[in-house]
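*Asks:* Dropping the structure in here first, questions after.
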Amino acid sequence: MSAAAEIVFDHVTKRYAGRDAAALDDLSLEIPAGTFCVLVGPSGGGKTTALKMVNRLVPCDSGDIRIDGRSVRDIPGVERRREIGCVIQQIGLFPHMSVGDNVGTVPRLLGWPKARIRARSVELLELVGLEAADAKRYPAELSGGQRQRVGLARALAADPPLLLMDEPFGALDPITRLRLQTELRRLHRDVGKTVIFVTHDVDEAIQMGDRIAILREGGVLAQYDTPDAILAHPASEFVAAFVGEDRALRRLALRTLRDVPLGRLESDSQNQIPAVSIDTTVRNAVSLMLETKSDRLVAEDEDGNVAGIFRLSDTGALL
Amino acid sequence: MQEHWGDTLGPALVQHIELTLIAVVIGFVLAFPLALLAHRYRVLEQPFGAFSALLYTIPSLALFQFLIPFSGLTTTTVEIALVAYTLVMLFPNFVAGLNGTPSEVLEAARGMGLTQRQVLWRVELPLAVPAIIGGLRIAVVSTVAIATIAALLLPKGLGYPIFLALKEPTPFKTEIYSAGLLAVVLALTCDALLVGLRRVLVPWARKGLA
């Protein structure tokens with residue numbers, strides 16, 4: 001298995017009997033290896049269907065899906081699924097197995113030696129923010145957030161080049177959700193696999209995705225691009241409405257003061273100007289300037305040294 | 001009671017355990033594959049279930065009477081009736097256990113690449129163990145009770161001392177009480193053993209919420 005897989009949807013269509021609208025209508029898109037791709041859209045947009053077609057839980061009516069150039073139909077579904085990590089909303093940990101055994105499920109299916117499975121379980125538990133000692137516990141003893149971490153570890157166990165995630169954080173409280181989103185992004189940066197992530201939450205999509213595919217009702221692709229490009233240039237009224245009227249502000253949330261040109265500080269004015277960390281998002285910086293009625297902020301790095309000045313009037317140039 | 005132990009109560013207890021054990025084991029051997037079939041082919045669940053329910057409504061005495069012309073006044077007759085009852089009690093519990101796996105667990109199992117057979121043996125069956133043991137407990141306790149009636153046909157089991165004692169012109173109460181008590185103790189002991197078995201087989205049910 002390669003480290004990260006490239007996925008191509010080629011004119012994929014799926015219709016369910018008795019329904020007028022297609023579940024997926026001629027969907028074509030390419031996901032480069034290592035991309036974190038989010039499928040987002042309202043219900044009926046076919047995003048979960050698209051996901052399930054990649055690991056052949058749902059067959060295509062027409063069109064094809066290729067993983068690293070090979071059709072998903074090339075090998076039997078069961079084998080294919082063992083090469084793809086899969087995380088679902090309700091998690092679905094096996095209640096009768098310990099956490100360690102849950103994580104080791106696919107390696108066991110693939111016939112790995114026991115010692116290697118044990119070592120891998122521990123390695124993964126620590127990767128997802130749990131402890132080696134948790135391997136002996138049972139799912140019923142864990143909180144929702146911990147369970148989903150185990151679910152993620154379980155999906156990564158056999159080191160698959162592709163990870164499918166179907167609204168994995170939907171059943172969690174907002175605080176846990178935010179924490180897991182952040183950790184997943186960090187994990188993705190470190191581990192670099194291709195991820196296809198389904199959500200109905202446009203904020204989550206913007207926060208998580210390298211690229212976002214917006215699917216509307218009837219399984220039609222409305223736009224497929226980076227979050228910044230979609231926010232800057234929505235392809236249709238539907239997309240514009242879907243991402244929200246505040247899309248200019250959301251674009252500002254995608255960058256921090258580290259990413260923008262900063263002005264020089266005049267030496268004697270430092271004390272009256274509010275200071276923020278250079279890792280503050282531009283959006284939060286603007287919000288702070290409005291709140292403090294200041295037209296500029298001082299950006300400071302981790303050691304407290306001044307990095308530069310950011311002016312409210314500079315904001316327009318960023319958009 | 002001590003004096004009667006050697007001649008009546010002791011042997012009666014052993015016979016009773018035999019009757020119960022044979023009935024439950026055969027009942028299990030029959031119910032288990034039937035339950036697997038009904039689980040795999042859901043259409044079978046209705047007819048199998050209806051048949052079992054019908055069997056259960058027949059009073060035990062009537063069932064014994066019905067069988068006598070075919071298999072005579074033998075242990076076999078009693079066992080056939082007892083097995084029929086255990087079947088009726090085990091089958092619905094086994095099916096409910098097998099069908100009771102949470103859907104997200106099944107979805108996750110399929111998504112990870114387990115074959116249908118692997119899902120059955122590695123996921124559904126282990127999760128069905130509490131229901132299976134639950135069925136066994138009901139079956140064992142009920143069979144211990146129903147087996148006492150076997151004494152009306154055969155000189156076997158704990159019902160026999162009771163039956164004999166009742167036939168005396170002045171019924172000898174100790175016989176009745178001690179045999180009855182033994183039956184109750186037997187039932188409770190078996191139940192406790194099964195609960196112990198469950199503790200061993202199902203460590204996951206003890207932790208957390210279950």
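Letters for chains follow the order of the structure tokens (A, B, ...), residue numbers begin at 1 for each chain, and ligand numbers begin at 1 in the order shown.
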Taking a cut-off of 9 Å and counting only C-alpha atoms, can you build a table that, for each residue of chain A near chain B, reports the nearest atom pair and how far apart they are in Å (one decimal), sorted by chain then residue number, as CSV?
*Replies:*
```
residue,atom,partner,partner_atom,distance
A:Lys52,CA,B:Gly111,CA,8.8
A:Asn55,CA,B:Gly111,CA,7.5
A:Leu57,CA,B:Gly111,CA,7.3
A:Gly77,CA,B:Gly113,CA,7.6
A:Val78,CA,B:Gly113,CA,4.6
A:Glu79,CA,B:Gly113,CA,6.4
A:Arg80,CA,B:Gly113,CA,7.4
A:Arg81,CA,B:Gly113,CA,4.7
A:Arg82,CA,B:Gly113,CA,5.0
A:Glu83,CA,B:Gly113,CA,8.5
A:Ile84,CA,B:Met112,CA,7.6
A:Gly85,CA,B:Met112,CA,7.1
A:Cys86,CA,B:Gly111,CA,6.4
A:Val87,CA,B:Ala108,CA,7.6
A:Ile88,CA,B:Ala108,CA,7.1
A:Gln89,CA,B:Glu104,CA,8.6
A:Gln90,CA,B:Glu104,CA,6.2
A:Ile91,CA,B:Glu104,CA,7.0
A:Gly92,CA,B:Val105,CA,4.1
A:Leu93,CA,B:Val105,CA,6.2
A:Phe94,CA,B:Val105,CA,6.2
A:Pro95,CA,B:Trp204,CA,6.8
A:His96,CA,B:Trp204,CA,5.4
A:Met97,CA,B:Trp204,CA,7.2
A:Ser98,CA,B:Trp204,CA,8.0
A:Thr105,CA,B:Met112,CA,8.3
A:Val106,CA,B:Met112,CA,6.8
A:Leu109,CA,B:Leu114,CA,7.8
A:Arg137,CA,B:Lys207,CA,8.7
A:Tyr138,CA,B:Trp204,CA,6.4
A:Pro139,CA,B:Gly208,CA,8.2
A:Ala140,CA,B:Gly208,CA,4.9
A:Glu141,CA,B:Gly208,CA,4.7
A:Leu142,CA,B:Gly208,CA,8.1
A:Ala155,CA,B:Met112,CA,7.9
```
*Asks:* Show which residues sit within 12 Å of A:Leu249, as a PyMOL selection string. Count only C-alpha atoms, and ignore same-chain residues fewer than 5 positions away.
*Replies:* chain A and resi 228+231-232+243-244+254-255+281-287+315-316+318-319
*Asks:* Residues of the last selection are to be written out with N, CA and C atoms, as an mmCIF file, in the first residue's frame.
*Replies:*
```cif
data_model
loop_
_atom_site.group_PDB
_atom_site.id
_atom_site.type_symbol
_atom_site.label_atom_id
_atom_site.label_comp_id
_atom_site.auth_asym_id
_atom_site.auth_seq_id
_atom_site.Cartn_x
_atom_site.Cartn_y
_atom_site.Cartn_z
ATOM 1 N N ASP A 228 -10.719 28.860 0.626
ATOM 2 C CA ASP A 228 -10.548 30.281 0.354
ATOM 3 C C ASP A 228 -11.156 30.643 -0.999
ATOM 4 N N LEU A 231 -14.953 30.641 -0.840
ATOM 5 C CA LEU A 231 -15.479 31.804 -0.130
ATOM 6 C C LEU A 231 -15.302 33.076 -0.955
ATOM 7 N N ALA A 232 -14.176 33.151 -1.674
ATOM 8 C CA ALA A 232 -13.913 34.366 -2.458
ATOM 9 C C ALA A 232 -14.775 34.416 -3.713
ATOM 10 N N VAL A 243 -22.566 28.917 1.935
ATOM 11 C CA VAL A 243 -21.438 29.285 2.792
ATOM 12 C C VAL A 243 -21.760 30.448 3.702
ATOM 13 N N GLY A 244 -22.828 31.159 3.386
ATOM 14 C CA GLY A 244 -23.255 32.211 4.304
ATOM 15 C C GLY A 244 -22.888 33.602 3.823
ATOM 16 N N LEU A 254 -9.452 32.243 7.945
ATOM 17 C CA LEU A 254 -8.572 31.195 7.426
ATOM 18 C C LEU A 254 -7.100 31.563 7.553
ATOM 19 N N ARG A 255 -6.842 32.822 7.847
ATOM 20 C CA ARG A 255 -5.438 33.223 7.956
ATOM 21 C C ARG A 255 -5.143 33.857 9.303
ATOM 22 N N THR A 281 -6.144 34.742 14.429
ATOM 23 C CA THR A 281 -6.674 34.844 13.070
ATOM 24 C C THR A 281 -6.958 36.301 12.756
ATOM 25 N N VAL A 282 -6.932 36.605 11.470
ATOM 26 C CA VAL A 282 -7.191 37.976 11.034
ATOM 27 C C VAL A 282 -8.589 38.398 11.478
ATOM 28 N N ARG A 283 -9.507 37.439 11.390
ATOM 29 C CA ARG A 283 -10.887 37.751 11.793
ATOM 30 C C ARG A 283 -10.979 38.166 13.260
ATOM 31 N N ASN A 284 -10.301 37.409 14.118
ATOM 32 C CA ASN A 284 -10.324 37.769 15.543
ATOM 33 C C ASN A 284 -9.610 39.091 15.787
ATOM 34 N N ALA A 285 -8.574 39.357 14.993
ATOM 35 C CA ALA A 285 -7.863 40.632 15.125
ATOM 36 C C ALA A 285 -8.804 41.792 14.787
ATOM 37 N N VAL A 286 -9.542 41.646 13.703
ATOM 38 C CA VAL A 286 -10.513 42.679 13.312
ATOM 39 C C VAL A 286 -11.557 42.852 14.417
ATOM 40 N N SER A 287 -12.028 41.751 14.927
ATOM 41 C CA SER A 287 -13.033 41.804 15.989
ATOM 42 C C SER A 287 -12.511 42.557 17.201
ATOM 43 N N THR A 315 -7.091 45.419 5.999
ATOM 44 C CA THR A 315 -7.902 44.212 5.848
ATOM 45 C C THR A 315 -8.451 44.052 4.438
ATOM 46 N N GLY A 316 -8.951 45.132 3.882
ATOM 47 C CA GLY A 316 -9.555 45.059 2.557
ATOM 48 C C GLY A 316 -8.625 44.468 1.514
ATOM 49 N N LEU A 318 -6.583 42.220 1.794
ATOM 50 C CA LEU A 318 -6.398 40.767 1.940
ATOM 51 C C LEU A 318 -7.455 39.978 1.181
ATOM 52 N N LEU A 319 -8.601 40.613 0.923
ATOM 53 C CA LEU A 319 -9.731 39.847 0.385
ATOM 54 C C LEU A 319 -9.722 39.729 -1.130
#
```
*Asks:* Using Å and a single decimal, report how far atom CA of A:Ala3 sits from atom CA of A:Pro161.
*Replies:*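 Atom CA of A:Pro161 sits 5.1 Å away from atom CA of A:Ala3.
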*Asks:* Measuring between only C-alpha atoms, which one of A:Leu163, A:Ile278, A:Ile117, A:Val40 shows the shortest distance to A:Val202?
*Replies:*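 Ranked by minimum distance to A:Val202, first place goes to A:Val40.
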*Asks:* Just want the 10 Å neighbourhood of stretch 165-182 of chain A, counted on only C-alpha atoms, with same-chain residues fewer than 2 positions away dropped. Output as a PyMOL selection string.
*Replies:* chain A and resi 38-40+47-48+51-52+85-91+128-129+143-146+148-149+151-152+155+162-163+184-188+195-201+204+207-208
*Asks:* So that I can check the surroundings of stretch 133-138 of chain B, please list as a ChimeraX atom specification every protein, DNA and RNA residue that reaches within 7 Å of it, counting only C-alpha atoms and ignoring chain neighbours fewer than 2 positions away.
*Replies:* /B:89-90,93,129-131,140-142,191,194,198
*Asks:* Those residues with N, CA and C atoms, as an mmCIF file, in the first residue's frame please?
*Replies:*
```cif
data_model
loop_
_atom_site.group_PDB
_atom_site.id
_atom_site.type_symbol
_atom_site.label_atom_id
_atom_site.label_comp_id
_atom_site.auth_asym_id
_atom_site.auth_seq_id
_atom_site.Cartn_x
_atom_site.Cartn_y
_atom_site.Cartn_z
ATOM 1 N N MET B 89 -38.504 -22.096 24.895
ATOM 2 C CA MET B 89 -37.944 -21.027 25.713
ATOM 3 C C MET B 89 -36.608 -20.538 25.188
ATOM 4 N N LEU B 90 -35.843 -21.449 24.605
ATOM 5 C CA LEU B 90 -34.520 -21.058 24.132
ATOM 6 C C LEU B 90 -34.579 -20.302 22.811
ATOM 7 N N ASN B 93 -35.147 -16.449 22.682
ATOM 8 C CA ASN B 93 -34.038 -15.744 23.311
ATOM 9 C C ASN B 93 -32.795 -15.751 22.442
ATOM 10 N N VAL B 129 -24.248 -13.728 23.681
ATOM 11 C CA VAL B 129 -24.058 -14.636 24.823
ATOM 12 C C VAL B 129 -24.946 -14.294 26.027
ATOM 13 N N PRO B 130 -25.069 -13.040 26.436
ATOM 14 C CA PRO B 130 -25.964 -12.760 27.561
ATOM 15 C C PRO B 130 -27.397 -13.236 27.320
ATOM 16 N N ALA B 131 -27.902 -13.029 26.109
ATOM 17 C CA ALA B 131 -29.270 -13.468 25.806
ATOM 18 C C ALA B 131 -29.355 -14.990 25.795
ATOM 19 N N VAL B 140 -33.709 -23.892 32.101
ATOM 20 C CA VAL B 140 -33.300 -24.829 33.158
ATOM 21 C C VAL B 140 -34.261 -24.770 34.339
ATOM 22 N N VAL B 141 -34.554 -23.590 34.792
ATOM 23 C CA VAL B 141 -35.441 -23.461 35.956
ATOM 24 C C VAL B 141 -36.830 -24.021 35.640
ATOM 25 N N SER B 142 -37.343 -23.702 34.456
ATOM 26 C CA SER B 142 -38.664 -24.217 34.085
ATOM 27 C C SER B 142 -38.650 -25.732 33.956
ATOM 28 N N ASP B 191 -29.312 -21.992 38.328
ATOM 29 C CA ASP B 191 -29.397 -20.589 37.937
ATOM 30 C C ASP B 191 -28.118 -19.863 38.322
ATOM 31 N N LEU B 194 -25.222 -20.709 36.106
ATOM 32 C CA LEU B 194 -25.291 -20.039 34.808
ATOM 33 C C LEU B 194 -24.906 -18.566 34.920
ATOM 34 N N ARG B 198 -21.865 -16.714 32.992
ATOM 35 C CA ARG B 198 -21.972 -15.454 32.263
ATOM 36 C C ARG B 198 -20.896 -14.474 32.690
#
```
*Asks:* Write out as a PyMOL selection string each polymer residue whose atoms come within 6 Å of A:Phe310, counting only C-alpha atoms; drop sequence neighbours fewer than 5 positions from it.
*Replies:* chain A and resi 262+296-297
*Asks:* Given the selection you just returned, output its residues as a file containing N, CA and C atoms, formatted as a PDB file, in the first residue's frame.
*Replies:*
```
ATOM      1  N   LEU A 262       2.977  42.787   7.743  1.00  0.00           N
ATOM      2  CA  LEU A 262       2.766  43.647   8.904  1.00  0.00           C
ATOM      3  C   LEU A 262       3.591  44.917   8.748  1.00  0.00           C
ATOM      4  N   ARG A 296      -5.495  49.854  14.982  1.00  0.00           N
ATOM      5  CA  ARG A 296      -4.344  48.997  14.714  1.00  0.00           C
ATOM      6  C   ARG A 296      -4.057  48.100  15.918  1.00  0.00           C
ATOM      7  N   LEU A 297      -3.286  47.031  15.651  1.00  0.00           N
ATOM      8  CA  LEU A 297      -2.886  46.112  16.709  1.00  0.00           C
ATOM      9  C   LEU A 297      -1.400  45.837  16.586  1.00  0.00           C
TER      10      LEU A 297
END
```
*Asks:* Find the residues of stretch 76-162 of chain B that sit at most 9 Å from stretch 16-20 of chain B; for each, write down the nearest two atoms and how far apart they are in Å, to one decimal. Count only C-alpha atoms. Sort by chain, then by number going up, and give it as a tab-separated table.
*Replies:*
```
residue	atom	partner	partner_atom	distance
B:Val78	CA	B:Leu19	CA	8.3
B:Glu79	CA	B:Leu19	CA	7.0
B:Leu82	CA	B:Thr20	CA	8.0
B:Val140	CA	B:Thr20	CA	7.0
B:Thr143	CA	B:Thr20	CA	5.9
B:Val144	CA	B:Thr20	CA	6.0
B:Ala147	CA	B:Thr20	CA	7.1
B:Thr148	CA	B:His16	CA	7.9
B:Lys156	CA	B:His16	CA	7.1
B:Gly157	CA	B:His16	CA	4.2
B:Leu158	CA	B:His16	CA	6.0
B:Gly159	CA	B:His16	CA	8.5
```
*Asks:* Next, the residues of the selection above should be written as a compact mmCIF listing (two decimals), in the first residue's frame with N, CA and C atoms.
*Replies:*
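Writing done, so here's result.txt:
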```txt
# COMPACT_ATOMS: atom_id res chain seq x y z
N VAL B 78 -41.26 -38.46 28.29
CA VAL B 78 -41.02 -37.29 29.15
C VAL B 78 -40.00 -36.36 28.50
N GLU B 79 -38.93 -36.95 27.98
CA GLU B 79 -37.89 -36.12 27.39
C GLU B 79 -38.40 -35.35 26.16
N LEU B 82 -40.26 -32.47 27.48
CA LEU B 82 -39.37 -31.48 28.11
C LEU B 82 -38.55 -30.73 27.06
N VAL B 140 -33.71 -23.89 32.10
CA VAL B 140 -33.30 -24.83 33.16
C VAL B 140 -34.26 -24.77 34.34
N THR B 143 -37.59 -26.26 33.37
CA THR B 143 -37.53 -27.71 33.19
C THR B 143 -37.48 -28.43 34.53
N VAL B 144 -36.74 -27.88 35.47
CA VAL B 144 -36.71 -28.48 36.80
C VAL B 144 -38.12 -28.56 37.36
N ALA B 147 -40.34 -31.04 35.22
CA ALA B 147 -39.93 -32.43 35.36
C ALA B 147 -40.55 -33.10 36.58
N THR B 148 -40.97 -32.32 37.55
CA THR B 148 -41.61 -32.95 38.71
C THR B 148 -42.91 -33.65 38.30
N LYS B 156 -39.67 -41.58 38.50
CA LYS B 156 -38.36 -40.93 38.39
C LYS B 156 -38.48 -39.47 38.80
N GLY B 157 -37.38 -38.96 39.26
CA GLY B 157 -37.34 -37.53 39.54
C GLY B 157 -37.91 -37.18 40.90
N LEU B 158 -37.78 -35.91 41.24
CA LEU B 158 -38.18 -35.47 42.57
C LEU B 158 -39.69 -35.43 42.74
N GLY B 159 -40.39 -35.56 41.63
CA GLY B 159 -41.83 -35.58 41.76
C GLY B 159 -42.32 -36.90 42.35
```
